[in-house]
>>> print(open('protein36.cif').read())   # mmCIF, C-alpha atoms
data_model
#
loop_
_atom_site.group_PDB
_atom_site.id
_atom_site.type_symbol
_atom_site.label_atom_id
_atom_site.label_comp_id
_atom_site.auth_asym_id
_atom_site.auth_seq_id
_atom_site.Cartn_x
_atom_site.Cartn_y
_atom_site.Cartn_z
ATOM 1 C CA MET X 1 -12.088 -17.476 -42.505
ATOM 2 C CA THR X 2 -15.642 -16.263 -42.706
ATOM 3 C CA PRO X 3 -16.372 -12.659 -41.654
ATOM 4 C CA SER X 4 -18.371 -13.802 -38.618
ATOM 5 C CA LEU X 5 -15.484 -15.907 -37.362
ATOM 6 C CA ARG X 6 -12.995 -13.101 -37.988
ATOM 7 C CA TRP X 7 -15.143 -10.827 -35.848
ATOM 8 C CA ARG X 8 -15.521 -13.444 -33.109
ATOM 9 C CA TYR X 9 -11.796 -14.178 -32.987
ATOM 10 C CA GLY X 10 -11.051 -10.472 -33.208
ATOM 11 C CA CYS X 11 -13.113 -9.879 -30.071
ATOM 12 C CA ARG X 12 -11.234 -12.679 -28.379
ATOM 13 C CA ARG X 13 -7.874 -11.189 -29.333
ATOM 14 C CA ILE X 14 -8.938 -7.745 -28.155
ATOM 15 C CA ARG X 15 -9.939 -9.145 -24.796
ATOM 16 C CA ALA X 16 -6.474 -10.611 -24.377
ATOM 17 C CA TRP X 17 -5.064 -7.088 -24.136
ATOM 18 C CA ARG X 18 -7.801 -5.644 -21.951
ATOM 19 C CA PHE X 19 -6.626 -2.910 -19.559
ATOM 20 C CA ALA X 20 -7.181 -3.846 -15.913
ATOM 21 C CA GLY X 21 -7.274 -0.476 -14.181
ATOM 22 C CA GLY X 22 -9.475 1.401 -16.628
ATOM 23 C CA ALA X 23 -7.630 4.699 -16.106
ATOM 24 C CA LYS X 24 -6.250 4.970 -19.626
ATOM 25 C CA MET X 25 -9.202 3.578 -21.530
ATOM 26 C CA ARG X 26 -12.446 5.507 -21.828
ATOM 27 C CA THR X 27 -15.774 3.841 -22.209
ATOM 28 C CA ARG X 28 -17.951 4.413 -25.249
ATOM 29 C CA GLN X 29 -20.457 5.826 -22.790
ATOM 30 C CA GLY X 30 -18.337 8.445 -21.006
ATOM 31 C CA SER X 31 -15.608 8.725 -18.404
ATOM 32 C CA HIS X 32 -17.217 8.661 -14.952
ATOM 33 C CA ALA X 33 -19.808 6.215 -13.740
ATOM 34 C CA ARG X 34 -22.797 7.156 -11.631
ATOM 35 C CA GLY X 35 -21.573 7.274 -8.038
ATOM 36 C CA ASP X 36 -17.961 7.244 -9.266
ATOM 37 C CA ARG X 37 -18.091 3.552 -10.062
ATOM 38 C CA PRO X 38 -14.897 2.667 -11.977
ATOM 39 C CA ARG X 39 -15.181 2.018 -15.704
ATOM 40 C CA ARG X 40 -13.863 -1.283 -16.992
ATOM 41 C CA ASP X 41 -14.149 -0.845 -20.746
ATOM 42 C CA HIS X 42 -11.071 -1.711 -22.776
ATOM 43 C CA HIS X 43 -12.094 0.391 -25.794
ATOM 44 C CA ASP X 44 -10.862 3.953 -26.332
ATOM 45 C CA TRP X 45 -14.058 5.474 -27.731
ATOM 46 C CA ALA X 46 -12.767 9.020 -27.213
ATOM 47 C CA SER X 47 -9.934 8.488 -29.712
ATOM 48 C CA GLU X 48 -10.634 9.442 -33.323
ATOM 49 C CA THR X 49 -7.862 7.116 -34.506
ATOM 50 C CA TYR X 50 -9.124 4.167 -32.484
ATOM 51 C CA VAL X 51 -12.715 4.675 -33.601
ATOM 52 C CA ASP X 52 -11.637 4.987 -37.246
ATOM 53 C CA GLU X 53 -9.902 1.620 -37.060
ATOM 54 C CA TRP X 54 -12.739 -0.017 -35.115
ATOM 55 C CA VAL X 55 -15.362 1.223 -37.588
ATOM 56 C CA ARG X 56 -13.285 0.105 -40.564
ATOM 57 C CA ARG X 57 -13.080 -3.434 -39.192
ATOM 58 C CA GLN X 58 -16.740 -3.510 -38.202
ATOM 59 C CA GLN X 59 -17.909 -2.315 -41.601
ATOM 60 C CA ALA X 60 -16.040 -5.218 -43.153
ATOM 61 C CA GLU X 61 -18.078 -7.565 -40.943
ATOM 62 C CA ASP X 62 -21.485 -5.932 -41.483
ATOM 63 C CA PRO X 63 -22.510 -8.388 -44.233
ATOM 64 C CA SER X 64 -21.956 -11.317 -41.858
ATOM 65 C CA ARG X 65 -24.174 -9.663 -39.244
ATOM 66 C CA ALA X 66 -27.003 -9.031 -41.679
ATOM 67 C CA ALA X 67 -28.846 -12.231 -40.729
ATOM 68 C CA ARG X 68 -28.953 -11.157 -37.072
ATOM 69 C CA PHE X 69 -30.080 -7.660 -38.014
ATOM 70 C CA GLN X 70 -32.799 -9.160 -40.215
ATOM 71 C CA LEU X 71 -33.928 -11.364 -37.328
ATOM 72 C CA ILE X 72 -34.256 -8.270 -35.167
ATOM 73 C CA CYS X 73 -36.404 -6.650 -37.875
ATOM 74 C CA ASP X 74 -38.528 -9.779 -38.209
ATOM 75 C CA LEU X 75 -39.227 -9.744 -34.464
ATOM 76 C CA LEU X 76 -40.379 -6.124 -34.336
ATOM 77 C CA PRO X 77 -44.096 -6.067 -33.453
ATOM 78 C CA PHE X 78 -45.440 -3.869 -36.238
ATOM 79 C CA PRO X 79 -45.789 -3.928 -40.042
ATOM 80 C CA THR X 80 -42.991 -2.604 -42.221
ATOM 81 C CA ASP X 81 -45.002 0.455 -43.263
ATOM 82 C CA ALA X 82 -45.757 1.545 -39.688
ATOM 83 C CA PRO X 83 -44.766 5.126 -38.682
ATOM 84 C CA VAL X 84 -42.771 4.023 -35.623
ATOM 85 C CA THR X 85 -39.940 5.426 -33.511
ATOM 86 C CA ILE X 86 -37.131 3.043 -32.547
ATOM 87 C CA LEU X 87 -34.338 3.658 -30.033
ATOM 88 C CA ASP X 88 -30.927 2.256 -31.027
ATOM 89 C CA VAL X 89 -28.896 1.921 -27.800
ATOM 90 C CA GLY X 90 -25.153 2.275 -28.369
ATOM 91 C CA ALA X 91 -25.781 2.866 -32.058
ATOM 92 C CA GLY X 92 -22.160 3.613 -32.927
ATOM 93 C CA TYR X 93 -21.735 4.441 -36.600
ATOM 94 C CA GLY X 94 -25.316 3.360 -37.298
ATOM 95 C CA PRO X 95 -25.314 -0.144 -38.850
ATOM 96 C CA VAL X 96 -28.452 -1.339 -37.048
ATOM 97 C CA SER X 97 -30.335 1.933 -37.572
ATOM 98 C CA THR X 98 -29.421 1.845 -41.259
ATOM 99 C CA PHE X 99 -30.641 -1.732 -41.595
ATOM 100 C CA ILE X 100 -33.960 -0.879 -39.937
ATOM 101 C CA LEU X 101 -34.562 2.366 -41.837
ATOM 102 C CA ASP X 102 -33.985 0.621 -45.169
ATOM 103 C CA ARG X 103 -36.701 -1.918 -44.332
ATOM 104 C CA TYR X 104 -39.156 0.338 -42.502
ATOM 105 C CA PRO X 105 -39.636 3.351 -44.812
ATOM 106 C CA ASN X 106 -41.834 5.256 -42.342
ATOM 107 C CA ALA X 107 -39.728 4.554 -39.252
ATOM 108 C CA THR X 108 -37.583 7.002 -37.307
ATOM 109 C CA CYS X 109 -34.477 5.803 -35.446
ATOM 110 C CA ILE X 110 -32.962 7.593 -32.458
ATOM 111 C CA ALA X 111 -29.285 6.642 -32.527
ATOM 112 C CA GLN X 112 -27.922 6.954 -28.970
ATOM 113 C CA ASP X 113 -24.223 6.718 -28.209
ATOM 114 C CA GLY X 114 -21.780 8.156 -25.684
ATOM 115 C CA SER X 115 -18.848 8.544 -28.077
ATOM 116 C CA GLU X 116 -18.620 11.767 -30.049
ATOM 117 C CA PRO X 117 -16.110 10.267 -32.523
ATOM 118 C CA MET X 118 -18.483 7.353 -33.090
ATOM 119 C CA LEU X 119 -21.486 9.606 -33.672
ATOM 120 C CA ASN X 120 -19.379 11.705 -36.049
ATOM 121 C CA ARG X 121 -19.158 8.609 -38.271
ATOM 122 C CA ALA X 122 -22.952 8.367 -38.254
ATOM 123 C CA ARG X 123 -23.590 11.997 -39.227
ATOM 124 C CA HIS X 124 -23.330 11.322 -42.946
ATOM 125 C CA LEU X 125 -26.377 9.064 -42.622
ATOM 126 C CA VAL X 126 -28.495 12.077 -41.685
ATOM 127 C CA ALA X 127 -28.012 13.389 -45.226
ATOM 128 C CA LYS X 128 -29.458 10.113 -46.551
ATOM 129 C CA TYR X 129 -32.331 9.642 -44.103
ATOM 130 C CA GLY X 130 -33.061 13.219 -43.067
ATOM 131 C CA GLU X 131 -35.439 13.550 -40.119
ATOM 132 C CA ARG X 132 -35.826 9.774 -39.980
ATOM 133 C CA LEU X 133 -32.472 9.492 -38.191
ATOM 134 C CA LYS X 134 -31.735 11.549 -35.105
ATOM 135 C CA LEU X 135 -28.428 11.365 -33.222
ATOM 136 C CA HIS X 136 -28.363 11.592 -29.449
ATOM 137 C CA ARG X 137 -25.214 11.662 -27.339
ATOM 138 C CA SER X 138 -25.609 10.499 -23.745
ATOM 139 C CA ASP X 139 -23.777 8.424 -21.145
ATOM 140 C CA LEU X 140 -25.389 5.097 -20.294
ATOM 141 C CA PHE X 141 -24.125 5.436 -16.733
ATOM 142 C CA GLU X 142 -26.114 8.625 -16.214
ATOM 143 C CA ALA X 143 -29.706 8.571 -14.978
ATOM 144 C CA SER X 144 -30.683 10.938 -17.798
ATOM 145 C CA TRP X 145 -29.264 8.825 -20.626
ATOM 146 C CA LEU X 146 -32.627 8.251 -22.342
ATOM 147 C CA PRO X 147 -33.614 10.753 -25.066
ATOM 148 C CA GLU X 148 -36.981 11.445 -23.442
ATOM 149 C CA GLN X 149 -37.717 14.428 -25.710
ATOM 150 C CA PHE X 150 -38.851 11.958 -28.380
ATOM 151 C CA GLY X 151 -41.525 10.412 -26.149
ATOM 152 C CA ARG X 152 -42.067 6.697 -25.709
ATOM 153 C CA PHE X 153 -40.616 4.303 -28.258
ATOM 154 C CA ASP X 154 -42.312 1.623 -30.296
ATOM 155 C CA ALA X 155 -39.192 -0.514 -29.935
ATOM 156 C CA ALA X 156 -35.595 -0.437 -28.738
ATOM 157 C CA VAL X 157 -32.653 -2.345 -30.172
ATOM 158 C CA SER X 158 -28.993 -2.740 -29.321
ATOM 159 C CA SER X 159 -26.042 -4.570 -30.861
ATOM 160 C CA SER X 160 -22.673 -5.345 -29.291
ATOM 161 C CA CYS X 161 -22.957 -2.498 -26.823
ATOM 162 C CA LEU X 162 -24.119 -3.266 -23.293
ATOM 163 C CA HIS X 163 -21.444 -5.869 -22.487
ATOM 164 C CA ASN X 164 -18.915 -3.022 -22.763
ATOM 165 C CA LEU X 165 -20.323 -1.465 -19.579
ATOM 166 C CA ARG X 166 -18.740 -4.290 -17.527
ATOM 167 C CA ASP X 167 -21.405 -3.712 -14.876
ATOM 168 C CA PHE X 168 -24.374 -6.089 -14.812
ATOM 169 C CA LYS X 169 -26.138 -4.075 -12.123
ATOM 170 C CA ARG X 170 -26.147 -1.103 -14.480
ATOM 171 C CA ILE X 171 -27.254 -3.283 -17.388
ATOM 172 C CA ARG X 172 -30.236 -4.445 -15.313
ATOM 173 C CA GLU X 173 -31.085 -0.811 -14.586
ATOM 174 C CA ILE X 174 -30.931 0.005 -18.299
ATOM 175 C CA TYR X 175 -33.281 -2.882 -19.065
ATOM 176 C CA ALA X 176 -35.766 -1.328 -16.615
ATOM 177 C CA ASP X 177 -35.268 2.141 -18.125
ATOM 178 C CA ILE X 178 -35.969 0.823 -21.615
ATOM 179 C CA ARG X 179 -39.067 -1.079 -20.550
ATOM 180 C CA ALA X 180 -40.462 2.014 -18.802
ATOM 181 C CA HIS X 181 -40.077 4.086 -21.983
ATOM 182 C CA LEU X 182 -41.615 1.619 -24.423
ATOM 183 C CA LYS X 183 -45.165 1.954 -25.636
ATOM 184 C CA PRO X 184 -47.522 -0.907 -24.706
ATOM 185 C CA GLY X 185 -46.745 -3.829 -26.998
ATOM 186 C CA GLY X 186 -43.258 -2.505 -27.756
ATOM 187 C CA ALA X 187 -40.160 -4.685 -27.988
ATOM 188 C CA PHE X 188 -36.544 -4.639 -26.835
ATOM 189 C CA LEU X 189 -34.150 -6.773 -28.887
ATOM 190 C CA ASN X 190 -30.508 -7.092 -27.903
ATOM 191 C CA ALA X 191 -27.680 -8.734 -29.870
ATOM 192 C CA ASP X 192 -24.758 -9.076 -27.502
ATOM 193 C CA LEU X 193 -22.010 -11.190 -25.981
ATOM 194 C CA ILE X 194 -22.726 -13.489 -23.050
ATOM 195 C CA ASN X 195 -20.948 -15.860 -20.700
ATOM 196 C CA ALA X 196 -21.221 -19.619 -21.032
ATOM 197 C CA PRO X 197 -23.510 -21.162 -18.396
ATOM 198 C CA THR X 198 -20.708 -23.274 -16.920
ATOM 199 C CA ALA X 199 -16.919 -23.210 -16.719
ATOM 200 C CA ALA X 200 -16.788 -26.489 -18.646
ATOM 201 C CA LEU X 201 -18.816 -25.026 -21.503
ATOM 202 C CA HIS X 202 -16.666 -21.888 -21.542
ATOM 203 C CA GLN X 203 -13.618 -24.114 -22.036
ATOM 204 C CA ARG X 204 -15.452 -26.109 -24.697
ATOM 205 C CA TYR X 205 -16.434 -22.931 -26.556
ATOM 206 C CA ASP X 206 -12.788 -21.882 -26.529
ATOM 207 C CA ARG X 207 -11.784 -25.250 -27.972
ATOM 208 C CA VAL X 208 -14.454 -24.964 -30.672
ATOM 209 C CA ALA X 209 -13.207 -21.529 -31.651
ATOM 210 C CA THR X 210 -9.615 -22.761 -31.759
ATOM 211 C CA ALA X 211 -10.555 -25.792 -33.849
ATOM 212 C CA ARG X 212 -12.436 -23.662 -36.357
ATOM 213 C CA ARG X 213 -9.463 -21.503 -37.225
ATOM 214 C CA PRO X 214 -7.488 -23.927 -39.410
ATOM 215 C CA ARG X 215 -10.684 -25.196 -41.040
ATOM 216 C CA GLU X 216 -11.683 -21.681 -42.029
ATOM 217 C CA GLY X 217 -8.304 -20.679 -43.424
ATOM 218 C CA THR X 218 -6.132 -17.746 -42.416
ATOM 219 C CA ALA X 219 -5.992 -16.565 -38.844
ATOM 220 C CA VAL X 220 -7.456 -13.240 -37.817
ATOM 221 C CA GLU X 221 -5.088 -10.315 -38.159
ATOM 222 C CA ASN X 222 -3.560 -9.042 -34.968
ATOM 223 C CA LEU X 223 -5.840 -6.558 -33.190
ATOM 224 C CA ALA X 224 -3.430 -5.671 -30.395
ATOM 225 C CA ALA X 225 -2.736 -2.263 -31.930
ATOM 226 C CA MET X 226 -6.353 -1.335 -31.298
ATOM 227 C CA VAL X 227 -5.911 -1.501 -27.533
ATOM 228 C CA ARG X 228 -3.343 0.479 -25.587
ATOM 229 C CA HIS X 229 -0.946 -1.286 -23.247
ATOM 230 C CA GLY X 230 -3.348 -3.453 -21.332
ATOM 231 C CA ARG X 231 -3.795 -6.865 -19.845
ATOM 232 C CA ARG X 232 -6.689 -9.160 -19.066
ATOM 233 C CA PRO X 233 -8.451 -8.128 -15.869
ATOM 234 C CA PRO X 234 -8.638 -10.543 -12.946
ATOM 235 C CA ALA X 235 -11.343 -13.083 -13.714
ATOM 236 C CA THR X 236 -14.452 -12.760 -11.570
ATOM 237 C CA ALA X 237 -15.862 -16.034 -12.861
ATOM 238 C CA THR X 238 -14.712 -19.004 -14.883
ATOM 239 C CA ARG X 239 -17.734 -18.976 -17.196
ATOM 240 C CA GLY X 240 -16.302 -16.265 -19.428
ATOM 241 C CA PRO X 241 -15.176 -12.636 -19.616
ATOM 242 C CA PHE X 242 -18.609 -10.979 -19.810
ATOM 243 C CA GLN X 243 -21.052 -9.877 -17.124
ATOM 244 C CA ALA X 244 -23.725 -12.554 -17.227
ATOM 245 C CA THR X 245 -24.971 -15.746 -18.782
ATOM 246 C CA LEU X 246 -27.918 -15.872 -21.147
ATOM 247 C CA ASP X 247 -30.155 -17.152 -18.344
ATOM 248 C CA GLU X 248 -29.121 -14.225 -16.151
ATOM 249 C CA HIS X 249 -29.919 -11.744 -18.922
ATOM 250 C CA LEU X 250 -33.313 -13.337 -19.516
ATOM 251 C CA ALA X 251 -34.058 -13.262 -15.781
ATOM 252 C CA ALA X 252 -33.067 -9.580 -15.637
ATOM 253 C CA LEU X 253 -35.430 -8.763 -18.509
ATOM 254 C CA LYS X 254 -38.274 -10.553 -16.753
ATOM 255 C CA ALA X 255 -37.471 -8.742 -13.498
ATOM 256 C CA ALA X 256 -37.614 -5.442 -15.408
ATOM 257 C CA GLY X 257 -41.182 -6.266 -16.415
ATOM 258 C CA PHE X 258 -40.743 -7.611 -19.941
ATOM 259 C CA LYS X 259 -42.984 -10.465 -21.045
ATOM 260 C CA ASP X 260 -42.517 -13.137 -23.709
ATOM 261 C CA VAL X 261 -38.794 -13.008 -22.937
ATOM 262 C CA ASP X 262 -36.694 -15.405 -24.965
ATOM 263 C CA CYS X 263 -33.433 -16.068 -26.759
ATOM 264 C CA PHE X 264 -34.140 -15.888 -30.483
ATOM 265 C CA TRP X 265 -30.690 -16.911 -31.763
ATOM 266 C CA LYS X 266 -27.448 -18.097 -30.185
ATOM 267 C CA GLU X 267 -24.029 -19.306 -31.233
ATOM 268 C CA LEU X 268 -21.489 -19.976 -28.498
ATOM 269 C CA GLN X 269 -21.153 -16.684 -26.605
ATOM 270 C CA ARG X 270 -23.153 -14.482 -28.972
ATOM 271 C CA ALA X 271 -26.936 -14.230 -28.788
ATOM 272 C CA VAL X 272 -30.008 -12.261 -29.805
ATOM 273 C CA PHE X 273 -32.505 -12.031 -26.945
ATOM 274 C CA GLY X 274 -35.183 -9.722 -25.638
ATOM 275 C CA GLY X 275 -38.828 -9.328 -24.727
ATOM 276 C CA TYR X 276 -42.007 -7.347 -25.153
ATOM 277 C CA ARG X 277 -43.945 -4.888 -23.054
#
>>> encode(input="protein36.cif", output="structure tokens")
Amino acid sequence: MTPSLRWRYGCRRIRAWRFAGGAKMRTRQGSHARGDRPRRDHHDWASETYVDEWVRRQQAEDPSRAARFQLICDLLPFPTDAPVTILDVGAGYGPVSTFILDRYPNATCIAQDGSEPMLNRARHLVAKYGERLKLHRSDLFEASWLPEQFGRFDAAVSSSCLHNLRDFKRIREIYADIRAHLKPGGAFLNADLINAPTAALHQRYDRVATARRPREGTAVENLAAMVRHGRRPPATATRGPFQATLDEHLAALKAAGFKDVDCFWKELQRAVFGGYR
């Protein structure tokens, strides 16, 4: 099985053990939502052990994600030697920031995340990049989540983060926050998981994923140990387990004021999309 398929099936297996109540699992972006909205994340980002295992598996998949990271770099609206500042939303252990900094030698990345254990894994990168990489811990559910002390950003990026909020209203608010803190001409590029546009396509995507497994070789190793005693939450729609379809994300970006909004890459329920200010 290719690394990209192992990651995709791994996500699917994780979702099978998702915790419904949210009381035992803490979101990567904190423990209490604005207005006491309940968290729905199935990841335990406050656990050092959990984060260690999650990072280990993700690092094994980084080579398969390189093409998507390169696409994000190609879509940034400035030359590679530009002295720019880029916000990495939900940066985790820093794979996207690392990819950008290696290709933009005069860039600075602000790596935002709400998980202290996750940011601890990114601290070693500061020794490599120095002042070009700055870590910022904040909760995406808080109004003050943006690292405003760095001024406006030339671009913002995110990878496999925002779907974990399980709250499309909040995701729409974050899109507006990002747009408001971009410099004119700046870009926001998001690689994330999305729902299928119809229930029939969601079922077809599931069949495609199932059919690919024997063709690609060995099945993905069991990821149940990564999630504490949980179960799939009650489905709110039959189009998939995420918050919105691609069209809904694109509409939300346009409503936030982005222009030239588009999907730049898509495979089944994974996409790279965004827009420009």
>>> resolve_selection(input="protein36.cif", expression="the PyMOL selection byres ((chain X and resi 243) around 8)", output="CSV table (one decimal) with C-alpha atoms, keeping the file's coordinate frame")
chain,number,residue,atom,x,y,z
X,163,HIS,CA,-21.4,-5.9,-22.5
X,166,ARG,CA,-18.7,-4.3,-17.5
X,167,ASP,CA,-21.4,-3.7,-14.9
X,168,PHE,CA,-24.4,-6.1,-14.8
X,194,ILE,CA,-22.7,-13.5,-23.0
X,195,ASN,CA,-20.9,-15.9,-20.7
X,241,PRO,CA,-15.2,-12.6,-19.6
X,242,PHE,CA,-18.6,-11.0,-19.8
X,244,ALA,CA,-23.7,-12.6,-17.2
X,245,THR,CA,-25.0,-15.7,-18.8
>>> resolve_selection(input="protein36.cif", expression="the PyMOL selection byres ((chain X and resi 261) around 6)", output="PyMOL selection string")
chain X and resi 259-260+262+274-275
>>> atom_distance(input="protein36.cif", atom1="CA of Arg123 in chain X", atom2="CA of Leu135 in chain X")
7.7 Å
>>> residues_around(input="protein36.cif", residues="Asp81 in chain X", least_positions_apart="6", cutoff="10 Å", atoms="all atoms listed in the file", output="number ranges by chain")
X: 103-107
>>> residues_around(input="protein36.cif", residues="Arg137 in chain X", least_positions_apart="3", cutoff="6 Å", atoms="all atoms listed in the file", output="list in words")
Gln112, Asp113 and Gly114 of chain X
>>> resolve_selection(input="protein36.cif", expression="the PyMOL selection byres ((chain X and resi 153) around 12)", output="PyMOL selection string")
chain X and resi 83-89+107-110+146-152+154-157+177-188+277
>>> atom_distance(input="protein36.cif", atom1="CA of Leu246 in chain X", atom2="CA of Tyr175 in chain X")
14.2 Å
>>> closest_residue(input="protein36.cif", among="X:Arg57, X:Ser144, X:Cys263, X:Gly92", to="Pro117 in chain X", atoms="only C-alpha atoms")
X:Gly92
>>> atom_distance(input="protein36.cif", atom1="CA of Thr98 in chain X", atom2="CA of Leu125 in chain X")
8.0 Å
>>> residues_around(input="protein36.cif", residues="Phe69 in chain X", least_positions_apart="4", cutoff="7 Å", atoms="all atoms listed in the file", output="number ranges by chain")
X: 65, 73, 96, 99
>>> residues_near_point(input="protein36.cif", point="(-30.6, -8.7, -28.6)", cutoff="7 Å", atoms="all atoms listed in the file", output="list in words")
Val157, Ser158, Ser159, Leu189, Asn190, Ala191, Asp192, Ala271, Val272, Phe273 and Gly274 of chain X
>>> closest_residue(input="protein36.cif", among="X:Leu76, X:Ala256, X:Asp247, X:Gln58", to="Ser160 in chain X", atoms="all atoms listed in the file")
X:Gln58
>>> decode(input="protein36.cif", residues="range 185-201 of chain X", atoms="N, CA and C atoms", output="PDB file, in the first residue's frame")
ATOM      1  N   GLY X 185      -3.294  41.110  -1.522  1.00  0.00           N
ATOM      2  CA  GLY X 185      -2.634  40.186  -2.438  1.00  0.00           C
ATOM      3  C   GLY X 185      -2.205  38.887  -1.798  1.00  0.00           C
ATOM      4  N   GLY X 186      -2.395  38.760  -0.483  1.00  0.00           N
ATOM      5  CA  GLY X 186      -2.004  37.538   0.222  1.00  0.00           C
ATOM      6  C   GLY X 186      -2.901  36.363  -0.112  1.00  0.00           C
ATOM      7  N   ALA X 187      -2.471  35.171   0.301  1.00  0.00           N
ATOM      8  CA  ALA X 187      -3.194  33.943  -0.031  1.00  0.00           C
ATOM      9  C   ALA X 187      -3.451  33.116   1.218  1.00  0.00           C
ATOM     10  N   PHE X 188      -4.560  32.356   1.174  1.00  0.00           N
ATOM     11  CA  PHE X 188      -4.820  31.312   2.170  1.00  0.00           C
ATOM     12  C   PHE X 188      -5.007  30.009   1.422  1.00  0.00           C
ATOM     13  N   LEU X 189      -4.204  29.004   1.763  1.00  0.00           N
ATOM     14  CA  LEU X 189      -4.235  27.705   1.102  1.00  0.00           C
ATOM     15  C   LEU X 189      -4.415  26.622   2.154  1.00  0.00           C
ATOM     16  N   ASN X 190      -5.442  25.805   1.963  1.00  0.00           N
ATOM     17  CA  ASN X 190      -5.860  24.842   2.972  1.00  0.00           C
ATOM     18  C   ASN X 190      -5.921  23.443   2.376  1.00  0.00           C
ATOM     19  N   ALA X 191      -5.157  22.516   2.928  1.00  0.00           N
ATOM     20  CA  ALA X 191      -5.227  21.103   2.551  1.00  0.00           C
ATOM     21  C   ALA X 191      -5.983  20.378   3.653  1.00  0.00           C
ATOM     22  N   ASP X 192      -7.171  19.872   3.326  1.00  0.00           N
ATOM     23  CA  ASP X 192      -7.986  19.312   4.408  1.00  0.00           C
ATOM     24  C   ASP X 192      -8.945  18.263   3.880  1.00  0.00           C
ATOM     25  N   LEU X 193      -9.704  17.680   4.801  1.00  0.00           N
ATOM     26  CA  LEU X 193     -10.667  16.641   4.502  1.00  0.00           C
ATOM     27  C   LEU X 193     -12.055  17.254   4.344  1.00  0.00           C
ATOM     28  N   ILE X 194     -12.816  16.730   3.391  1.00  0.00           N
ATOM     29  CA  ILE X 194     -14.111  17.295   3.052  1.00  0.00           C
ATOM     30  C   ILE X 194     -15.141  16.184   2.870  1.00  0.00           C
ATOM     31  N   ASN X 195     -16.409  16.555   2.961  1.00  0.00           N
ATOM     32  CA  ASN X 195     -17.479  15.619   2.663  1.00  0.00           C
ATOM     33  C   ASN X 195     -17.680  15.481   1.162  1.00  0.00           C
ATOM     34  N   ALA X 196     -18.212  14.336   0.750  1.00  0.00           N
ATOM     35  CA  ALA X 196     -18.650  14.174  -0.632  1.00  0.00           C
ATOM     36  C   ALA X 196     -19.872  15.066  -0.868  1.00  0.00           C
ATOM     37  N   PRO X 197     -20.114  15.489  -2.097  1.00  0.00           N
ATOM     38  CA  PRO X 197     -21.259  16.366  -2.352  1.00  0.00           C
ATOM     39  C   PRO X 197     -22.608  15.682  -2.231  1.00  0.00           C
ATOM     40  N   THR X 198     -22.645  14.364  -2.366  1.00  0.00           N
ATOM     41  CA  THR X 198     -23.909  13.635  -2.240  1.00  0.00           C
ATOM     42  C   THR X 198     -23.682  12.350  -1.453  1.00  0.00           C
ATOM     43  N   ALA X 199     -24.780  11.807  -0.918  1.00  0.00           N
ATOM     44  CA  ALA X 199     -24.700  10.539  -0.193  1.00  0.00           C
ATOM     45  C   ALA X 199     -24.235   9.414  -1.121  1.00  0.00           C
ATOM     46  N   ALA X 200     -24.707   9.444  -2.376  1.00  0.00           N
ATOM     47  CA  ALA X 200     -24.309   8.404  -3.320  1.00  0.00           C
ATOM     48  C   ALA X 200     -22.810   8.446  -3.581  1.00  0.00           C
ATOM     49  N   LEU X 201     -22.243   9.643  -3.717  1.00  0.00           N
ATOM     50  CA  LEU X 201     -20.809   9.740  -3.936  1.00  0.00           C
ATOM     51  C   LEU X 201     -20.023   9.335  -2.693  1.00  0.00           C
TER      52      LEU X 201
END
